[in-house]
file my_file_22.txt (compact mmCIF, C-alpha atoms and all ligand atoms)
# COMPACT_ATOMS: atom_id res chain seq x y z
CA MET G 9 2.88 -2.41 1.36
CA ALA G 10 2.06 -5.85 2.57
CA ALA G 11 -1.09 -7.04 4.25
CA SER G 12 -1.06 -7.26 8.04
CA ASP G 13 0.69 -10.21 9.71
CA TRP G 14 -2.55 -10.72 11.55
CA GLY G 15 -4.06 -11.82 8.26
CA LEU G 16 -7.42 -13.44 7.56
CA ASN G 17 -5.92 -16.52 5.84
CA VAL G 18 -8.61 -16.69 3.18
CA ASN G 19 -8.54 -18.36 -0.23
CA GLU G 20 -7.85 -15.38 -2.47
CA ASN G 21 -9.37 -16.88 -5.61
CA TRP G 22 -12.57 -17.80 -3.76
CA GLN G 23 -12.76 -14.22 -2.48
CA TYR G 24 -12.05 -12.79 -5.93
CA TYR G 25 -14.71 -14.81 -7.76
CA ASN G 26 -17.25 -14.30 -4.99
CA SER G 27 -16.72 -10.55 -5.12
CA ARG G 28 -16.95 -10.42 -8.94
CA ALA G 29 -20.09 -12.58 -8.87
CA GLY G 30 -21.54 -10.07 -6.38
CA ILE G 31 -20.82 -7.14 -8.71
CA ALA G 32 -22.32 -8.98 -11.72
CA LEU G 33 -25.46 -9.98 -9.78
CA SER G 34 -25.83 -6.43 -8.44
CA PHE G 35 -26.14 -5.10 -11.96
CA LEU G 36 -28.17 -8.01 -13.42
CA PHE G 37 -30.90 -8.55 -10.81
CA PRO G 38 -32.39 -5.03 -11.18
CA LEU G 39 -33.41 -6.03 -14.73
CA LEU G 40 -36.16 -8.09 -13.07
CA VAL G 41 -37.96 -4.76 -12.67
CA PHE G 42 -39.26 -5.32 -16.21
CA LYS G 43 -41.07 -8.40 -14.90
CA THR G 44 -42.35 -6.97 -11.61
CA GLY G 45 -43.51 -3.60 -12.85
CA PHE G 46 -43.72 -0.45 -10.75
CA GLU G 47 -45.72 0.89 -7.81
CA TRP G 48 -45.07 4.21 -6.08
CA HIS G 49 -44.99 2.68 -2.59
CA TRP G 50 -42.41 0.14 -3.80
CA LEU G 51 -40.22 3.07 -4.81
CA VAL G 52 -40.52 4.51 -1.31
CA TYR G 53 -39.39 1.17 0.20
CA CYS G 54 -36.49 1.14 -2.26
CA LEU G 55 -35.32 4.67 -1.41
CA VAL G 56 -35.43 3.95 2.33
CA ILE G 57 -33.30 0.82 1.94
CA HIS G 58 -30.97 2.69 -0.41
CA ARG G 59 -30.43 5.31 2.28
CA VAL G 60 -29.47 2.56 4.72
CA HIS G 61 -26.90 1.35 2.17
CA VAL G 62 -25.55 4.89 1.82
CA PHE G 63 -25.09 5.06 5.60
CA GLY G 64 -23.45 1.64 5.41
CA HIS G 65 -20.89 3.17 3.09
CA SER G 66 -20.36 6.73 4.25
CA LEU G 67 -20.95 6.50 8.00
CA CYS G 68 -19.93 2.89 8.71
CA LEU G 69 -17.28 1.78 6.20
CA HIS G 70 -15.80 5.21 5.67
CA THR G 71 -16.12 7.41 8.76
CA TYR G 72 -16.12 4.78 11.49
CA PHE G 73 -14.15 1.75 10.29
CA SER G 74 -11.72 3.37 7.88
CA HIS G 75 -11.01 6.79 9.44
CA LYS G 76 -11.97 5.91 13.03
CA ALA G 77 -13.41 9.38 13.49
CA PHE G 78 -15.37 8.38 16.60
CA LYS G 79 -15.54 5.49 19.04
CA THR G 80 -18.41 3.27 20.05
CA ASN G 81 -19.07 0.09 22.05
CA ARG G 82 -18.63 -3.48 20.75
CA ILE G 83 -22.34 -4.14 20.22
CA MET G 84 -22.87 -0.92 18.30
CA GLN G 85 -19.66 -1.57 16.36
CA PHE G 86 -20.95 -5.00 15.32
CA PHE G 87 -24.25 -3.42 14.27
CA LEU G 88 -22.35 -0.84 12.17
CA GLY G 89 -20.34 -3.73 10.69
CA ILE G 90 -23.52 -5.53 9.60
CA ILE G 91 -24.93 -2.35 8.03
CA ALA G 92 -21.56 -1.82 6.32
CA ILE G 93 -21.48 -5.33 4.85
CA GLY G 94 -25.12 -4.97 3.81
CA SER G 95 -24.09 -2.14 1.50
CA HIS G 96 -22.29 -4.69 -0.75
CA LEU G 97 -19.05 -2.74 -0.96
CA GLY G 98 -16.64 -5.25 0.55
CA SER G 99 -15.76 -5.61 4.21
CA PRO G 100 -14.65 -2.94 6.71
CA PHE G 101 -11.11 -4.39 6.69
CA GLN G 102 -10.88 -4.41 2.89
CA TYR G 103 -12.28 -0.91 2.65
CA THR G 104 -9.79 0.37 5.23
CA PHE G 105 -6.80 -1.13 3.44
CA LEU G 106 -7.85 0.16 0.05
CA HIS G 107 -9.17 3.55 1.06
CA GLN G 108 -7.27 4.66 4.12
CA GLN G 109 -3.92 3.07 3.37
CA LEU G 110 -3.76 3.13 -0.45
CA HIS G 111 -6.07 5.90 -1.70
CA HIS G 112 -5.58 8.71 0.83
CA PRO G 113 -1.78 8.87 0.99
CA ARG G 114 -1.50 8.81 -2.83
CA ALA G 115 -4.70 10.51 -4.03
CA ASP G 116 -4.39 11.36 -7.75
CA LYS G 117 -0.71 10.40 -7.75
CA GLU G 118 1.32 7.27 -8.49
CA GLY G 119 -0.13 4.37 -6.51
CA ASP G 120 -3.69 5.68 -6.15
CA PRO G 121 -5.70 2.55 -7.04
CA HIS G 122 -8.63 4.38 -8.65
CA SER G 123 -7.82 7.96 -9.66
CA PRO G 124 -9.47 9.44 -12.79
CA VAL G 125 -6.08 10.87 -13.77
CA HIS G 126 -5.38 7.28 -14.89
CA GLY G 127 -8.56 7.15 -17.02
CA LEU G 128 -12.30 7.49 -16.33
CA TRP G 129 -13.13 3.82 -16.97
CA HIS G 130 -10.18 2.78 -14.82
CA ALA G 131 -11.45 4.98 -11.96
CA PHE G 132 -15.04 3.74 -12.32
CA LEU G 133 -14.76 -0.05 -12.67
CA GLY G 134 -11.62 -1.02 -14.60
CA TRP G 135 -9.34 -0.95 -11.55
CA ARG G 136 -11.37 -3.68 -9.85
CA PHE G 137 -10.40 -6.16 -12.54
CA LYS G 138 -6.65 -5.46 -12.41
CA GLU G 139 -4.20 -7.60 -10.49
CA TYR G 140 -1.81 -4.82 -9.56
CA VAL G 141 -1.83 -1.09 -8.99
CA THR G 142 0.84 0.02 -11.43
CA SER G 143 2.94 3.15 -11.86
CA SER G 144 2.92 5.23 -15.04
CA THR G 145 5.99 3.26 -16.19
CA GLY G 146 4.21 -0.06 -15.64
CA GLN G 147 5.95 -0.94 -12.38
CA GLN G 148 3.82 -3.16 -10.11
CA LEU G 149 3.28 -1.19 -6.90
CA PHE G 150 0.63 -3.16 -4.97
CA ARG G 151 -0.98 -6.53 -5.45
CA LEU G 152 -4.71 -5.90 -5.11
CA LYS G 153 -5.55 -9.43 -3.89
CA ASP G 154 -3.57 -8.63 -0.71
CA ILE G 155 -6.65 -6.69 0.31
CA TYR G 156 -8.51 -9.94 0.98
CA GLN G 157 -5.98 -11.02 3.61
CA TYR G 158 -5.85 -7.73 5.48
CA ALA G 159 -7.14 -7.66 9.04
CA ASP G 160 -7.16 -4.24 10.67
CA PRO G 161 -4.99 -4.44 13.85
CA ALA G 162 -7.34 -1.92 15.50
CA PHE G 163 -9.89 -4.76 15.79
CA LYS G 164 -7.50 -7.45 17.00
CA ASN G 165 -9.61 -8.08 20.09
CA CYS G 166 -12.88 -8.29 18.16
CA PRO G 167 -13.30 -11.85 16.74
CA GLU G 168 -16.83 -10.99 15.64
CA MET G 169 -15.43 -8.32 13.29
CA ARG G 170 -12.86 -10.78 11.99
CA PHE G 171 -15.64 -13.30 11.26
CA ILE G 172 -17.91 -10.97 9.30
CA CYS G 173 -14.96 -9.50 7.38
CA LYS G 174 -13.62 -12.96 6.51
CA HIS G 175 -17.01 -14.11 5.20
CA CYS G 176 -18.32 -10.82 3.84
CA PHE G 177 -18.69 -11.94 0.21
CA GLU G 178 -20.48 -15.17 1.18
CA ILE G 179 -22.81 -13.15 3.43
CA GLN G 180 -23.44 -10.60 0.69
CA ASN G 181 -24.15 -13.17 -2.02
CA LEU G 182 -26.31 -15.37 0.22
CA SER G 183 -28.35 -12.30 1.11
CA PHE G 184 -29.82 -12.36 -2.43
CA PRO G 185 -31.77 -15.64 -2.00
CA ALA G 186 -32.40 -14.71 1.65
CA PHE G 187 -34.22 -11.56 0.58
CA TYR G 188 -36.38 -13.53 -1.84
CA LEU G 189 -37.36 -15.87 1.02
CA ILE G 190 -38.16 -12.87 3.23
CA GLY G 191 -40.26 -11.56 0.33
CA MET G 192 -42.22 -14.84 0.26
CA PHE G 193 -42.86 -14.45 3.98
CA VAL G 194 -43.98 -10.84 3.57
CA GLU G 195 -46.29 -11.76 0.68
CA ALA G 196 -47.89 -14.55 2.72
CA TYR G 197 -48.09 -12.98 6.18
CA ILE G 198 -47.85 -9.16 5.83
CA PRO G 199 -50.20 -8.40 2.92
CA GLN G 200 -50.62 -4.83 4.26
CA MET G 201 -47.25 -4.03 2.66
CA GLY G 202 -48.82 -4.62 -0.75
CA ILE G 203 -45.83 -6.31 -2.33
CA ASN G 204 -45.18 -9.79 -3.78
CA ALA G 205 -42.02 -11.86 -3.23
CA LEU G 206 -40.31 -10.98 -6.50
CA ALA G 207 -41.06 -7.26 -6.21
CA PHE G 208 -39.82 -7.36 -2.61
CA PHE G 209 -36.55 -8.86 -3.86
CA VAL G 210 -36.19 -6.26 -6.60
CA TYR G 211 -37.10 -3.14 -4.58
CA PHE G 212 -35.66 -4.12 -1.20
CA LYS G 213 -32.49 -5.77 -2.46
CA ALA G 214 -31.60 -5.70 -6.14
CA ILE G 215 -32.05 -1.99 -6.97
CA PRO G 216 -30.64 -0.58 -3.68
CA CYS G 217 -27.66 -2.91 -4.11
CA ALA G 218 -27.01 -1.71 -7.69
CA LEU G 219 -27.31 1.93 -6.59
CA SER G 220 -24.87 1.24 -3.79
CA GLN G 221 -22.30 -0.22 -6.21
CA PHE G 222 -22.86 2.63 -8.64
CA GLY G 223 -22.46 5.16 -5.81
CA LEU G 224 -19.10 3.83 -4.70
CA LEU G 225 -17.75 3.50 -8.22
CA SER G 226 -18.97 6.91 -9.35
CA ILE G 227 -17.46 8.78 -6.42
CA ASN G 228 -14.05 7.52 -7.48
CA VAL G 229 -14.62 9.48 -10.69
CA MET G 230 -16.76 12.45 -9.62
CA GLY G 231 -15.07 13.01 -6.26
CA HIS G 232 -11.75 13.55 -8.07
CA ALA G 233 -12.83 14.99 -11.42
CA LYS G 234 -11.24 18.37 -12.13
CA TRP G 235 -14.23 19.36 -14.26
CA TYR G 236 -16.93 18.80 -11.62
CA GLY G 237 -17.80 20.22 -8.21
CA TYR G 238 -16.07 22.83 -6.07
CA ARG G 239 -13.33 23.12 -3.48
CA ASN G 240 -13.24 24.68 0.01
CA PHE G 241 -9.68 23.62 0.85
CA SER G 242 -6.39 23.60 -1.01
CA SER G 243 -5.67 19.89 -0.65
CA ASP G 244 -2.77 18.46 -2.69
CA ASP G 245 -5.07 16.34 -4.90
CA ASN G 246 -7.99 16.89 -7.31
CA SER G 247 -10.75 16.17 -4.79
CA ARG G 248 -14.06 18.01 -5.27
CA ASN G 249 -17.24 18.63 -3.25
CA SER G 250 -20.73 18.05 -4.60
CA ASN G 251 -23.90 18.83 -2.63
CA LEU G 252 -25.99 16.92 -5.18
CA GLY G 253 -23.84 13.84 -4.61
CA PHE G 254 -25.32 13.47 -1.11
CA PHE G 255 -28.09 11.31 -2.63
CA LEU G 256 -25.65 8.62 -3.79
CA TRP G 257 -22.58 9.10 -1.64
CA GLY G 258 -23.73 10.41 1.74
CA SER G 259 -21.24 12.61 3.52
CA THR G 260 -18.36 11.46 1.32
CA CYS G 261 -19.87 13.81 -1.30
CA TRP G 262 -17.86 16.65 0.31
CA HIS G 263 -14.79 14.89 -0.89
CA ASN G 264 -12.49 17.90 -0.95
CA ASN G 265 -13.35 18.74 2.68
CA HIS G 266 -12.77 15.11 3.51
CA HIS G 267 -9.39 14.82 1.81
CA TYR G 268 -8.20 17.94 3.59
CA MET G 269 -9.37 16.76 7.04
CA PRO G 270 -9.79 12.98 6.61
CA ASN G 271 -10.07 12.07 10.30
CA SER G 272 -12.93 14.45 11.02
CA ALA G 273 -16.32 12.93 11.89
CA LYS G 274 -17.93 15.94 10.24
CA THR G 275 -17.28 16.05 6.50
CA SER G 276 -19.51 19.02 5.70
CA PHE G 277 -17.96 22.44 6.31
CA THR G 278 -20.01 25.42 5.11
CA THR G 279 -23.44 26.14 6.59
CA ARG G 280 -25.13 25.03 3.36
CA GLU G 281 -23.34 21.68 3.46
CA THR G 282 -24.02 21.18 7.15
CA LEU G 283 -27.77 21.65 6.64
CA ILE G 284 -27.97 18.32 4.79
CA ASP G 285 -25.24 16.43 6.65
CA VAL G 286 -27.46 13.67 8.06
CA ASP G 287 -24.47 11.41 8.72
CA TYR G 288 -22.99 13.86 11.20
CA LEU G 289 -26.38 14.35 12.79
CA ILE G 290 -26.51 10.61 13.43
CA VAL G 291 -23.05 10.72 15.07
CA LEU G 292 -24.20 13.61 17.28
CA MET G 293 -27.36 11.68 18.22
CA MET G 294 -25.27 8.63 19.05
CA GLU G 295 -23.03 10.84 21.18
CA LYS G 296 -26.03 12.26 23.05
CA MET G 297 -27.25 8.70 23.71
CA GLY G 298 -23.84 7.63 24.99
CA LEU G 299 -23.26 5.41 21.95
CA ALA G 300 -20.40 7.49 20.47
CA TRP G 301 -17.50 9.31 22.07
CA ASP G 302 -14.10 10.78 21.14
CA VAL G 303 -15.80 12.37 18.12
CA LYS G 304 -13.02 14.06 16.15
CA LEU G 305 -13.26 17.49 14.52
CA PRO G 306 -10.52 19.51 12.82
CA SER G 307 -8.67 22.08 14.93
CA GLN G 308 -9.03 25.76 14.06
CA LYS G 309 -5.35 25.74 13.09
CA LEU G 310 -5.90 23.04 10.46
CA VAL G 311 -8.95 24.84 9.03
CA ASP G 312 -7.11 28.18 8.85
CA LYS G 313 -4.15 26.59 7.09
CA GLY G 314 -6.05 25.22 4.12
CA ILE G 315 -9.25 27.21 3.63
CA MET G 316 -9.43 28.81 0.20
CA GLU G 317 -10.01 32.51 -0.37
CA GLY G 318 -13.69 33.53 -0.45
CA VAL G 319 -15.02 30.42 1.30
CA LYS G 320 -17.50 31.40 4.02
CA ARG G 321 -16.69 29.80 7.35
CA PRO G 322 -19.61 28.52 9.43
CA PRO G 323 -19.98 30.23 12.85
CA ARG G 324 -18.95 27.13 14.82
CA TYR G 325 -15.37 27.35 13.64
CA ARG G 326 -15.03 31.03 14.53
CA LYS G 327 -16.12 30.21 18.09
CA ASP G 328 -13.33 27.66 18.51
CA LYS G 329 -10.68 28.22 21.12
CA ASP G 330 -7.34 29.79 20.36
CA PRO G 331 -5.66 27.59 17.71
CA ASP G 332 -2.51 27.23 19.79
CA ASP G 333 -4.36 26.05 22.86
CA ASP G 334 -4.30 22.27 22.57
CA GLU G 335 -4.98 21.59 26.25
CA ASP G 336 -8.17 19.67 25.65
CA ASP G 337 -6.89 17.78 22.63
CA ILE G 338 -6.93 14.12 23.60
CA SER G 339 -6.30 12.72 20.11
CA ASP G 340 -2.82 11.62 19.02
CA ASN G 341 -2.98 13.99 16.08
CA PRO G 342 -2.92 17.69 17.04
CA ASP G 343 -4.81 18.51 13.85
CA TYR G 344 -7.96 17.02 15.41
CA LYS G 345 -9.82 17.94 18.55
CA MET G 346 -12.69 16.48 20.45
CA ALA G 347 -16.07 17.90 19.49
CA ALA G 348 -17.04 20.69 21.87
ZN ZN F 401 -10.84 10.37 -2.58
ZN ZN F 402 -11.58 8.80 3.30
call {"tool": "encode", "arguments": {"input": "my_file_22.txt", "output": "structure tokens", "more": "lines below"}}
Ligand SMILES: [Zn+2]
Ligand SMILES: [Zn+2]
result
Amino acid sequence: MAASDWGLNVNENWQYYNSRAGIALSFLFPLLVFKTGFEWHWLVYCLVIHRVHVFGHSLCLHTYFSHKAFKTNRIMQFFLGIIAIGSHLGSPFQYTFLHQQLHHPRADKEGDPHSPVHGLWHAFLGWRFKEYVTSSTGQQLFRLKDIYQYADPAFKNCPEMRFICKHCFEIQNLSFPAFYLIGMFVEAYIPQMGINALAFFVYFKAIPCALSQFGLLSINVMGHAKWYGYRNFSSDDNSRNSNLGFFLWGSTCWHNNHHYMPNSAKTSFTTRETLIDVDYLIVLMMEKMGLAWDVKLPSQKLVDKGIMEGVKRPPRYRKDKDPDDDEDDISDNPDYKMAA
């Protein structure tokens, strides 16, 4: 698979070294915590920012940009793009190419860039330092640097998205000194926050950023590990759900549900999962406010086809219309319907 013709025309080596520098800094800067020390209210700040990063991954990069599970306006889309880039996990275009085009169609098979069936270290971090995705016989299947050139044709009329995707690594790396400067401002002018510049940098930027990186890398392993989690659907891969994973991965923690119905805006399925699905709640709130529309949910037919024996269906699905009645289905894919 080649990158889109409507490419970003970036210097691949510059992108590569910028992205690797970002990963290294993400794991080194948190060590400054030994210099700053610890305060409980700093931890609260850190957890709030971390949650924003989790939304940047699960809701923005994954559900909106990669799977296009709902629509929104240009201003909101740009805002979601900024939150997505702030999570330090690459750009929306890169994520889409890697996740939606490479990972999903080949999950846990030949050509999956980061499956644990090819080794735990490979799935966690090793794959990011390889030049090619290779087959089990060593054949070069995809050149990973092509990801940097990819521009999602769905955003062809959005130059602002092209700009932030083209410069995402510069933006991400420059945000490190920027946060220290903001910390100096906060220390000087907002003393009520009770935090100095260095601690601001560590708890508002460095630690949330490291957790964000760790979250993305660990879901490659735990979301597809045969020995962890549970399954609701008989998908043709090793994907697993984990309610505990919601802390690090957001709604992508129900990875088996997601692999079975990847274009659904709602990743949780059972009542227990839905109770903590904050990402979907945000989509519903956006819909109520007129900021989201065409919110996709799986059809009853799709759910019935793959649900595993003994899995308790939530009431909402039983109230769905007749599975063969696709009259109100405005999506191109009959497996997905508009939310009721
Ligand atoms: Zn997956
Ligand atoms: Zn996905």
call {"tool": "closest_atom_pairs", "arguments": {"input": "my_file_22.txt", "of": "chain G", "to": "ligand ZN 401 (chain F)", "cutoff": "12 Å", "atoms": "all atoms listed in the file", "output": "CSV"}}
result
residue,atom,partner,partner_atom,distance
G:His70,CA,F:ZN401,ZN,10.9
G:Leu106,CA,F:ZN401,ZN,11.0
G:His107,CA,F:ZN401,ZN,7.9
G:Gln108,CA,F:ZN401,ZN,9.5
G:Gln109,CA,F:ZN401,ZN,11.7
G:Leu110,CA,F:ZN401,ZN,10.3
G:His111,CA,F:ZN401,ZN,6.6
G:His112,CA,F:ZN401,ZN,6.5
G:Pro113,CA,F:ZN401,ZN,9.9
G:Arg114,CA,F:ZN401,ZN,9.5
G:Ala115,CA,F:ZN401,ZN,6.3
G:Asp116,CA,F:ZN401,ZN,8.3
G:Lys117,CA,F:ZN401,ZN,11.4
G:Asp120,CA,F:ZN401,ZN,9.3
G:Pro121,CA,F:ZN401,ZN,10.4
G:His122,CA,F:ZN401,ZN,8.8
G:Ser123,CA,F:ZN401,ZN,8.1
G:Pro124,CA,F:ZN401,ZN,10.3
G:Ala131,CA,F:ZN401,ZN,10.8
G:Leu224,CA,F:ZN401,ZN,10.7
G:Leu225,CA,F:ZN401,ZN,11.3
G:Ser226,CA,F:ZN401,ZN,11.1
G:Ile227,CA,F:ZN401,ZN,7.8
G:Asn228,CA,F:ZN401,ZN,6.5
G:Val229,CA,F:ZN401,ZN,9.0
G:Met230,CA,F:ZN401,ZN,9.4
G:Gly231,CA,F:ZN401,ZN,6.2
G:His232,CA,F:ZN401,ZN,6.4
G:Ala233,CA,F:ZN401,ZN,10.2
G:Ser243,CA,F:ZN401,ZN,11.0
G:Asp244,CA,F:ZN401,ZN,11.4
G:Asp245,CA,F:ZN401,ZN,8.6
G:Asn246,CA,F:ZN401,ZN,8.5
G:Ser247,CA,F:ZN401,ZN,6.2
G:Arg248,CA,F:ZN401,ZN,8.7
G:Asn249,CA,F:ZN401,ZN,10.5
G:Trp257,CA,F:ZN401,ZN,11.8
G:Thr260,CA,F:ZN401,ZN,8.5
G:Cys261,CA,F:ZN401,ZN,9.7
G:Trp262,CA,F:ZN401,ZN,9.9
G:His263,CA,F:ZN401,ZN,6.2
G:Asn264,CA,F:ZN401,ZN,7.9
G:Asn265,CA,F:ZN401,ZN,10.2
G:His266,CA,F:ZN401,ZN,8.0
G:His267,CA,F:ZN401,ZN,6.4
G:Tyr268,CA,F:ZN401,ZN,10.1
G:Met269,CA,F:ZN401,ZN,11.6
G:Pro270,CA,F:ZN401,ZN,9.6
call {"tool": "residues_around", "arguments": {"input": "my_file_22.txt", "residues": "Gln221 (chain G)", "least_positions_apart": "4", "cutoff": "12 Å", "atoms": "only C-alpha atoms", "output": "NGL selection string"}}
result
:G and (27-28 or 30-35 or 58 or 61-62 or 64-65 or 94-98 or 132-133 or 214-217 or 225-228 or 256-257)
call {"tool": "atom_distance", "arguments": {"input": "my_file_22.txt", "atom1": "CA of Glu281 (chain G)", "atom2": "CA of Gly318 (chain G)"}}
result
15.8 Å
call {"tool": "atom_distance", "arguments": {"input": "my_file_22.txt", "atom1": "CA of Pro323 (chain G)", "atom2": "CA of Arg59 (chain G)"}}
result
29.0 Å
call {"tool": "atom_distance", "arguments": {"input": "my_file_22.txt", "atom1": "CA of Arg170 (chain G)", "atom2": "CA of Val60 (chain G)"}}
result
22.5 Å
call {"tool": "closest_residue", "arguments": {"input": "my_file_22.txt", "among": "G:Leu149, G:Phe184, G:Asn165, G:Ser272", "to": "ligand ZN 402 (chain F)", "atoms": "all atoms listed in the file"}}
result
G:Ser272
call {"tool": "closest_residue", "arguments": {"input": "my_file_22.txt", "among": "G:Lys76, G:Lys43, G:Arg239, G:Lys320", "to": "ligand ZN 402 (chain F)", "atoms": "all atoms listed in the file"}}
result
G:Lys76
call {"tool": "closest_residue", "arguments": {"input": "my_file_22.txt", "among": "G:Phe105, G:Phe254, G:Phe42, G:Phe86", "to": "ligand ZN 402 (chain F)", "atoms": "all atoms listed in the file"}}
result
G:Phe105
call {"tool": "closest_atom_pairs", "arguments": {"input": "my_file_22.txt", "of": "region 72-175 of chain G", "to": "region 285-303 of chain G", "cutoff": "10 Å", "atoms": "all atoms listed in the file", "output": "Markdown table"}}
result
| residue | atom | partner | partner_atom | distance |
| --- | --- | --- | --- | --- |
| G:Tyr72 | CA | G:Val291 | CA | 9.8 |
| G:Lys76 | CA | G:Val303 | CA | 9.1 |
| G:Ala77 | CA | G:Val303 | CA | 6.0 |
| G:Phe78 | CA | G:Val303 | CA | 4.3 |
| G:Lys79 | CA | G:Trp301 | CA | 5.3 |
| G:Thr80 | CA | G:Ala300 | CA | 4.7 |
| G:Asn81 | CA | G:Leu299 | CA | 6.8 |
| G:Ile83 | CA | G:Leu299 | CA | 9.7 |
| G:Met84 | CA | G:Leu299 | CA | 7.3 |
| G:Gln85 | CA | G:Leu299 | CA | 9.6 |
call {"tool": "axis_aligned_box", "arguments": {"input": "my_file_22.txt", "around": "region 244-249 of chain G", "padding_each_side": "6 Å", "output": "JSON"}}
result
{"center_x": -10.0, "center_y": 17.4, "center_z": -5.0, "size_x": 26.5, "size_y": 14.5, "size_z": 16.6}
call {"tool": "residues_around", "arguments": {"input": "my_file_22.txt", "residues": "Glu139 (chain G)", "least_positions_apart": "2", "cutoff": "8 Å", "atoms": "all atoms listed in the file", "output": "PyMOL selection string"}}
result
chain G and resi 137+141+151-153
call {"tool": "write_last_selection", "arguments": {"input": "my_file_22.txt", "atoms": "C-alpha atoms", "output": "compact mmCIF listing (two decimals), in the frame of the given file"}}
result
# COMPACT_ATOMS: atom_id res chain seq x y z
CA PHE G 137 -10.40 -6.16 -12.54
CA VAL G 141 -1.83 -1.09 -8.99
CA ARG G 151 -0.98 -6.53 -5.45
CA LEU G 152 -4.71 -5.90 -5.11
CA LYS G 153 -5.55 -9.43 -3.89
call {"tool": "build_atoms", "arguments": {"input": "my_file_22.txt", "residues": "region 111-122 of chain G", "atoms": "N, CA and C atoms", "output": "PDB file, in the coordinates of the input"}}
result
ATOM      1  N   HIS G 111      -5.525   4.725  -0.993  1.00  0.00           N
ATOM      2  CA  HIS G 111      -6.070   5.900  -1.700  1.00  0.00           C
ATOM      3  C   HIS G 111      -5.631   7.221  -1.073  1.00  0.00           C
ATOM      4  N   HIS G 112      -5.854   7.402   0.206  1.00  0.00           N
ATOM      5  CA  HIS G 112      -5.580   8.710   0.830  1.00  0.00           C
ATOM      6  C   HIS G 112      -4.131   9.172   0.701  1.00  0.00           C
ATOM      7  N   PRO G 113      -3.157   8.344   1.035  1.00  0.00           N
ATOM      8  CA  PRO G 113      -1.780   8.870   0.990  1.00  0.00           C
ATOM      9  C   PRO G 113      -1.297   9.176  -0.422  1.00  0.00           C
ATOM     10  N   ARG G 114      -1.990   8.639  -1.452  1.00  0.00           N
ATOM     11  CA  ARG G 114      -1.500   8.810  -2.830  1.00  0.00           C
ATOM     12  C   ARG G 114      -2.555   9.398  -3.751  1.00  0.00           C
ATOM     13  N   ALA G 115      -3.566  10.066  -3.215  1.00  0.00           N
ATOM     14  CA  ALA G 115      -4.700  10.510  -4.030  1.00  0.00           C
ATOM     15  C   ALA G 115      -4.253  11.279  -5.275  1.00  0.00           C
ATOM     16  N   ASP G 116      -4.666  10.765  -6.436  1.00  0.00           N
ATOM     17  CA  ASP G 116      -4.390  11.360  -7.750  1.00  0.00           C
ATOM     18  C   ASP G 116      -2.893  11.377  -8.095  1.00  0.00           C
ATOM     19  N   LYS G 117      -2.144  10.514  -7.426  1.00  0.00           N
ATOM     20  CA  LYS G 117      -0.710  10.400  -7.750  1.00  0.00           C
ATOM     21  C   LYS G 117      -0.384   8.933  -8.030  1.00  0.00           C
ATOM     22  N   GLU G 118       0.886   8.650  -8.265  1.00  0.00           N
ATOM     23  CA  GLU G 118       1.320   7.270  -8.490  1.00  0.00           C
ATOM     24  C   GLU G 118       0.881   6.413  -7.304  1.00  0.00           C
ATOM     25  N   GLY G 119       0.245   5.283  -7.591  1.00  0.00           N
ATOM     26  CA  GLY G 119      -0.130   4.370  -6.510  1.00  0.00           C
ATOM     27  C   GLY G 119      -1.554   4.534  -6.025  1.00  0.00           C
ATOM     28  N   ASP G 120      -2.272   5.576  -6.468  1.00  0.00           N
ATOM     29  CA  ASP G 120      -3.690   5.680  -6.150  1.00  0.00           C
ATOM     30  C   ASP G 120      -4.406   4.603  -6.961  1.00  0.00           C
ATOM     31  N   PRO G 121      -5.114   3.666  -6.289  1.00  0.00           N
ATOM     32  CA  PRO G 121      -5.700   2.550  -7.040  1.00  0.00           C
ATOM     33  C   PRO G 121      -6.776   2.964  -8.037  1.00  0.00           C
ATOM     34  N   HIS G 122      -7.485   4.082  -7.775  1.00  0.00           N
ATOM     35  CA  HIS G 122      -8.630   4.380  -8.650  1.00  0.00           C
ATOM     36  C   HIS G 122      -8.782   5.876  -8.927  1.00  0.00           C
TER      37      HIS G 122
END
